[in-house]
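The block underneath contains the structure these notes are about, expressed in structure tokens.
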Amino acid sequence: MAGDAELSVESFDTFLRLSPFDPARASVLNGRAFAFFTAGRYQEGLASAEQRGNINADVHTLAALALNLVGLNRIGEAKVTIAKLLHLHPSFTITKAIETFPTQSAEHRRRLISAFERAALPR
């Protein structure tokens, strides 16, 4: 949110190491997947989102998955993921995504919007 993706990854990793069975683990995996996306570490972001998806895929998880798939230029898979997201939450849009995943970094916001557009999330 504050724009320091690497520090975010470190914080999430510390949380997971210190509290591996915490009920908030699922949310931390989502946050970690978004942090990896903003850091340009898409393969790691994909792995974190997939790990979260093994627990229970929700809108946040599917969005993180789609973003990292776009980062890896796996656009077809990203579009399938967005279709699943829209099945769960038909009114979800890029505008809603930016509200749901706020960032202070204009560059990160621009990259989020661009990736969501490439994955065919409605404006």
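Starting from 1 in every chain, residues are counted up; chains themselves are A, B, ... following the order of the structure tokens, and ligands are numbered from 1 as listed.
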Practice prompt. Enumerate as a PyMOL selection string all residues of region 2-114 of chain A assigned to alpha helix (DSSP H) by DSSP on the backbone, naming them with the chain letters and numbers the document uses.
Written response: chain A and resi 5-18+25-39+42-56+59-71+75-88+94-100+106-114
Worksheet item: Near region 77-92 of chain A, within 7 Å and counting only C-alpha atoms, which residues show up once chain neighbours fewer than 6 positions away are dropped, as a VMD selection string?
Response: chain A and resid 59 62 66 69 to 70 119 to 121
How would the residues just chosen look if you wrote them out with N, CA and C atoms as a PDB file, in the first residue's frame?
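Heads up, here's the output in selection.pdb:
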ATOM      1  N   VAL A  59     -12.346 -13.618  -4.276  1.00  0.00           N
ATOM      2  CA  VAL A  59     -12.115 -12.536  -5.232  1.00  0.00           C
ATOM      3  C   VAL A  59     -10.689 -12.010  -5.121  1.00  0.00           C
ATOM      4  N   LEU A  62      -8.255 -14.614  -6.639  1.00  0.00           N
ATOM      5  CA  LEU A  62      -8.365 -14.686  -8.096  1.00  0.00           C
ATOM      6  C   LEU A  62      -7.790 -13.433  -8.748  1.00  0.00           C
ATOM      7  N   ALA A  66      -4.679 -13.500 -11.292  1.00  0.00           N
ATOM      8  CA  ALA A  66      -4.773 -12.908 -12.630  1.00  0.00           C
ATOM      9  C   ALA A  66      -3.658 -11.892 -12.872  1.00  0.00           C
ATOM     10  N   LEU A  69      -0.420 -13.705 -13.467  1.00  0.00           N
ATOM     11  CA  LEU A  69      -0.469 -14.374 -14.761  1.00  0.00           C
ATOM     12  C   LEU A  69      -0.213 -13.379 -15.889  1.00  0.00           C
ATOM     13  N   VAL A  70      -0.791 -12.195 -15.801  1.00  0.00           N
ATOM     14  CA  VAL A  70      -0.527 -11.153 -16.801  1.00  0.00           C
ATOM     15  C   VAL A  70       0.951 -10.793 -16.778  1.00  0.00           C
ATOM     16  N   ALA A 119      -6.272  -8.524 -18.628  1.00  0.00           N
ATOM     17  CA  ALA A 119      -6.974  -9.749 -18.214  1.00  0.00           C
ATOM     18  C   ALA A 119      -8.477  -9.669 -18.474  1.00  0.00           C
ATOM     19  N   ALA A 120      -8.923  -8.554 -19.053  1.00  0.00           N
ATOM     20  CA  ALA A 120     -10.331  -8.354 -19.447  1.00  0.00           C
ATOM     21  C   ALA A 120     -11.277  -8.137 -18.269  1.00  0.00           C
ATOM     22  N   LEU A 121     -10.780  -7.537 -17.181  1.00  0.00           N
ATOM     23  CA  LEU A 121     -11.690  -7.117 -16.111  1.00  0.00           C
ATOM     24  C   LEU A 121     -12.388  -5.845 -16.593  1.00  0.00           C
TER      25      LEU A 121
END
Item to complete: Using only C-alpha atoms, determine which residues lie at most 12 Å from region 33-43 of chain A, disregarding the query and same-chain residues fewer than 6 positions distant; provide the list as an MDAnalysis selection string.
Response: chainID A and resid 1:13 26:27 49:53 60:74 100:103 105:113 115
Practice prompt. Record the distance separating CA of Gly76 (chain A) and CA of Arg118 (chain A), expressed in Å with one decimal.
Written response: 9.6 Å
Item to complete: Quote the spacing between CA of Val28 (chain A) and CA of Thr14 (chain A) in Å to one decimal place.
Response: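 If I compute the distance from CA of Val28 (chain A) to CA of Thr14 (chain A), I get 10.4 Å.
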Practice prompt. Find the residues near Glu117 (chain A): any atom within 8 Å, counting only C-alpha atoms, skip ones fewer than 5 places away on the same chain, and give them as a PyMOL selection string.
Written response: chain A and resi 94+122-123
Once you have the residues from the selection above, write them out as a PDB file, in the first residue's frame, restricted to C-alpha atoms.
ATOM      1  CA  ILE A  94     -11.252  -2.246 -12.272  1.00  0.00           C
ATOM      2  CA  PRO A 122     -14.425  -4.581 -16.949  1.00  0.00           C
ATOM      3  CA  ARG A 123     -13.640  -0.929 -16.335  1.00  0.00           C
TER       4      ARG A 123
END
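Closest to Ala97 (chain A) among A:Phe116, A:Asp58, A:Pro23, A:Leu29 is A:Phe116, based on only C-alpha atoms.
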